[in-house]
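Here's the structure we're looking at; comments come further down.
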Amino acid sequence: ISVEKIQRGLEMTYCEEILLRDGRKCLLRNGEEKDGEAALECFKLAHEETDFLLSYCDEDHFTADDESKFLKEKTDSADEIEIVSEVDGKIAGMAGFEKVGSAFKVRQRATLGICIAREYWRLGIGSALVRACVQCAKKAGYKQLELDVVAENTAALRLYERAGFVEFGRNPRGFCSRLSGWQELIYMRLELD
């Protein structure tokens, strides 16, 4: 496994090649402006394939240009990032974090988000993406990384617990699913210092 992890200038950069459980190589790297169309396609696919994410595919009004701009902003940022996972030249999933806010009381906290297309589940991409985001959040100076997860999403819960996240609360009516009604959200956090 060839690994290169660097932060240079004002930009946060990440690049790592990992070996997946099925023997294929996966490149984790910053999402770039040129990835807009492919990243949007992966995002939409992931949102079609599970009922555990925040929104439905038909609620997303991002265009490929919008996604390109979003990725450029994250690439140019010193304290936020969007990492894509690339398998056989195709974006398989993405993860990133955003600051909670810039006010003094919350600027030490960031929120983590992740999505992976179903055909790439259980290959180790999720663990690698979370690990990469944790490393980058530490480099950016955050003290706490946070997320919420649907309680029935046991695979994601195990992933976050293995990464060191702990539960700090629940909302029994966190999401209202079109398919199953109310979904309980578990709030999790990881202390970074």
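A note on labels: chains of the structure tokens are A, B, ... as shown, every chain counts residues from 1, and ligands are counted from 1 in their shown order.
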
Near A:Ser177, within 12 Å and counting only C-alpha atoms, which residues show up once chain neighbours fewer than 6 positions away are dropped, as number ranges by chain? A: 50-56, 150, 183-185

Which one of A:Gly174, A:Gly164, A:Gly23, A:Gly31 sits closest to A:Ala92 if you count only C-alpha atoms? A:Gly31

Could you give me, as a PDB file with N, CA, C and O atoms, in the first residue's frame, the residues within 12 Å of A:Glu41, counting only C-alpha atoms and dropping anything in the same chain fewer than 3 positions from it?
ATOM      1  N   ASP A  35     -14.204  16.588 -11.041  1.00  0.00           N
ATOM      2  CA  ASP A  35     -14.980  15.421 -10.621  1.00  0.00           C
ATOM      3  C   ASP A  35     -16.470  15.711 -10.476  1.00  0.00           C
ATOM      4  O   ASP A  35     -17.230  14.815 -10.094  1.00  0.00           O
ATOM      5  N   GLY A  36     -16.898  16.923 -10.765  1.00  0.00           N
ATOM      6  CA  GLY A  36     -18.271  17.331 -10.494  1.00  0.00           C
ATOM      7  C   GLY A  36     -19.326  16.368 -10.997  1.00  0.00           C
ATOM      8  O   GLY A  36     -20.190  15.922 -10.240  1.00  0.00           O
ATOM      9  N   GLU A  37     -19.279  16.030 -12.260  1.00  0.00           N
ATOM     10  CA  GLU A  37     -20.310  15.164 -12.845  1.00  0.00           C
ATOM     11  C   GLU A  37     -20.277  13.762 -12.235  1.00  0.00           C
ATOM     12  O   GLU A  37     -21.311  13.209 -11.847  1.00  0.00           O
ATOM     13  N   ALA A  38     -19.097  13.179 -12.110  1.00  0.00           N
ATOM     14  CA  ALA A  38     -18.973  11.827 -11.565  1.00  0.00           C
ATOM     15  C   ALA A  38     -19.349  11.787 -10.079  1.00  0.00           C
ATOM     16  O   ALA A  38     -19.989  10.837  -9.617  1.00  0.00           O
ATOM     17  N   LYS A  44     -26.056  10.817  -6.167  1.00  0.00           N
ATOM     18  CA  LYS A  44     -27.456  10.488  -6.484  1.00  0.00           C
ATOM     19  C   LYS A  44     -27.713   8.991  -6.391  1.00  0.00           C
ATOM     20  O   LYS A  44     -28.735   8.560  -5.860  1.00  0.00           O
ATOM     21  N   LEU A  45     -26.782   8.196  -6.893  1.00  0.00           N
ATOM     22  CA  LEU A  45     -26.937   6.752  -6.832  1.00  0.00           C
ATOM     23  C   LEU A  45     -27.012   6.274  -5.377  1.00  0.00           C
ATOM     24  O   LEU A  45     -27.897   5.497  -5.011  1.00  0.00           O
ATOM     25  N   ALA A  46     -26.108   6.765  -4.554  1.00  0.00           N
ATOM     26  CA  ALA A  46     -26.089   6.367  -3.142  1.00  0.00           C
ATOM     27  C   ALA A  46     -27.392   6.750  -2.453  1.00  0.00           C
ATOM     28  O   ALA A  46     -27.915   5.997  -1.632  1.00  0.00           O
ATOM     29  N   HIS A  47     -27.949   7.890  -2.810  1.00  0.00           N
ATOM     30  CA  HIS A  47     -29.208   8.334  -2.202  1.00  0.00           C
ATOM     31  C   HIS A  47     -30.415   7.553  -2.727  1.00  0.00           C
ATOM     32  O   HIS A  47     -31.444   7.503  -2.058  1.00  0.00           O
ATOM     33  N   GLU A  48     -30.286   6.949  -3.892  1.00  0.00           N
ATOM     34  CA  GLU A  48     -31.351   6.084  -4.415  1.00  0.00           C
ATOM     35  C   GLU A  48     -31.324   4.713  -3.749  1.00  0.00           C
ATOM     36  O   GLU A  48     -32.356   4.063  -3.624  1.00  0.00           O
ATOM     37  N   CYS A  57     -33.244  11.477  -3.667  1.00  0.00           N
ATOM     38  CA  CYS A  57     -32.649  11.877  -4.935  1.00  0.00           C
ATOM     39  C   CYS A  57     -33.416  13.023  -5.598  1.00  0.00           C
ATOM     40  O   CYS A  57     -32.831  13.951  -6.131  1.00  0.00           O
ATOM     41  N   ASP A  60     -32.618  16.701  -4.463  1.00  0.00           N
ATOM     42  CA  ASP A  60     -31.323  17.302  -4.763  1.00  0.00           C
ATOM     43  C   ASP A  60     -31.413  18.074  -6.074  1.00  0.00           C
ATOM     44  O   ASP A  60     -31.704  17.499  -7.116  1.00  0.00           O
ATOM     45  N   PHE A  62     -28.838  20.025  -7.153  1.00  0.00           N
ATOM     46  CA  PHE A  62     -27.474  20.327  -7.581  1.00  0.00           C
ATOM     47  C   PHE A  62     -27.302  19.920  -9.038  1.00  0.00           C
ATOM     48  O   PHE A  62     -27.793  18.883  -9.465  1.00  0.00           O
ATOM     49  N   THR A  63     -26.563  20.706  -9.774  1.00  0.00           N
ATOM     50  CA  THR A  63     -26.147  20.331 -11.122  1.00  0.00           C
ATOM     51  C   THR A  63     -24.689  19.882 -11.052  1.00  0.00           C
ATOM     52  O   THR A  63     -24.024  20.045 -10.021  1.00  0.00           O
ATOM     53  N   ALA A  64     -24.184  19.360 -12.145  1.00  0.00           N
ATOM     54  CA  ALA A  64     -22.769  18.974 -12.195  1.00  0.00           C
ATOM     55  C   ALA A  64     -21.886  20.197 -11.959  1.00  0.00           C
ATOM     56  O   ALA A  64     -20.852  20.103 -11.281  1.00  0.00           O
ATOM     57  N   GLU A  67     -21.857  20.926  -8.260  1.00  0.00           N
ATOM     58  CA  GLU A  67     -20.993  19.964  -7.568  1.00  0.00           C
ATOM     59  C   GLU A  67     -19.526  20.313  -7.809  1.00  0.00           C
ATOM     60  O   GLU A  67     -18.706  20.234  -6.889  1.00  0.00           O
ATOM     61  N   SER A  68     -19.180  20.708  -9.017  1.00  0.00           N
ATOM     62  CA  SER A  68     -17.801  21.117  -9.325  1.00  0.00           C
ATOM     63  C   SER A  68     -17.386  22.298  -8.460  1.00  0.00           C
ATOM     64  O   SER A  68     -16.274  22.317  -7.912  1.00  0.00           O
ATOM     65  N   LYS A  90     -13.546   4.954 -11.290  1.00  0.00           N
ATOM     66  CA  LYS A  90     -14.915   5.383 -11.020  1.00  0.00           C
ATOM     67  C   LYS A  90     -15.052   5.818  -9.565  1.00  0.00           C
ATOM     68  O   LYS A  90     -14.507   5.163  -8.667  1.00  0.00           O
ATOM     69  N   ILE A  91     -15.787   6.900  -9.306  1.00  0.00           N
ATOM     70  CA  ILE A  91     -16.010   7.344  -7.933  1.00  0.00           C
ATOM     71  C   ILE A  91     -17.005   6.398  -7.276  1.00  0.00           C
ATOM     72  O   ILE A  91     -18.135   6.241  -7.731  1.00  0.00           O
ATOM     73  N   ALA A  92     -16.551   5.755  -6.195  1.00  0.00           N
ATOM     74  CA  ALA A  92     -17.344   4.751  -5.494  1.00  0.00           C
ATOM     75  C   ALA A  92     -18.055   5.320  -4.277  1.00  0.00           C
ATOM     76  O   ALA A  92     -19.071   4.798  -3.831  1.00  0.00           O
ATOM     77  N   GLY A  93     -17.530   6.403  -3.735  1.00  0.00           N
ATOM     78  CA  GLY A  93     -18.105   7.013  -2.540  1.00  0.00           C
ATOM     79  C   GLY A  93     -17.363   8.286  -2.194  1.00  0.00           C
ATOM     80  O   GLY A  93     -16.336   8.604  -2.804  1.00  0.00           O
ATOM     81  N   MET A  94     -17.913   8.996  -1.225  1.00  0.00           N
ATOM     82  CA  MET A  94     -17.336  10.269  -0.808  1.00  0.00           C
ATOM     83  C   MET A  94     -17.561  10.461   0.679  1.00  0.00           C
ATOM     84  O   MET A  94     -18.532   9.942   1.233  1.00  0.00           O
ATOM     85  N   CYS A 115     -21.159   8.926   1.972  1.00  0.00           N
ATOM     86  CA  CYS A 115     -22.058   8.097   1.154  1.00  0.00           C
ATOM     87  C   CYS A 115     -21.208   7.221   0.244  1.00  0.00           C
ATOM     88  O   CYS A 115     -20.160   7.646  -0.244  1.00  0.00           O
ATOM     89  N   ILE A 116     -21.666   5.985   0.062  1.00  0.00           N
ATOM     90  CA  ILE A 116     -20.956   5.017  -0.769  1.00  0.00           C
ATOM     91  C   ILE A 116     -21.984   4.266  -1.601  1.00  0.00           C
ATOM     92  O   ILE A 116     -23.019   3.848  -1.076  1.00  0.00           O
ATOM     93  N   ALA A 117     -21.717   4.108  -2.881  1.00  0.00           N
ATOM     94  CA  ALA A 117     -22.607   3.336  -3.752  1.00  0.00           C
ATOM     95  C   ALA A 117     -22.643   1.887  -3.270  1.00  0.00           C
ATOM     96  O   ALA A 117     -21.618   1.323  -2.856  1.00  0.00           O
TER      97      ALA A 117
END

Run DSSP on the backbone and tell me which residues of chain A come out as helix (DSSP H, G or I); list them as an MDAnalysis selection string. chainID A and resid 33:49 57:59 64:76 118:120 125:139 154:162

Just checking: using only C-alpha atoms, which residue out of A:Glu161, A:Asp65, A:Glu191, A:Asp79 ends up closest to A:Glu146?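 Ranking A:Glu161, A:Asp65, A:Glu191, A:Asp79 by distance to A:Glu146, first place goes to A:Glu191.
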
Straight-line distance linking atom CA of A:Ser85 with atom CA of A:Glu11, stated in Å to one decimal: 19.0 Å

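Counting only C-alpha atoms, the residue from A:Leu40, A:Cys136, A:Ala110, A:Val84 that sits nearest to A:Met188 is A:Ala110.
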
Residue set, chain A restricted to strand (DSSP E), as a ChimeraX atom specification: /A:3-4,7-8,11-12,15-19,25-30,81-87,90-99,109-116,144-150,166-177,181-191

Just checking: using only C-alpha atoms, which residue out of A:Gly89, A:Ala132, A:Ser77, A:Glu33 ends up closest to A:Tyr14? A:Ala132

Which residue gives the smallest distance to A:Asp66 among A:Ala95, A:Gln135, A:Lys34, A:Ala103, with only C-alpha atoms counted?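 Of all the options, A:Lys34 lies closest to A:Asp66.
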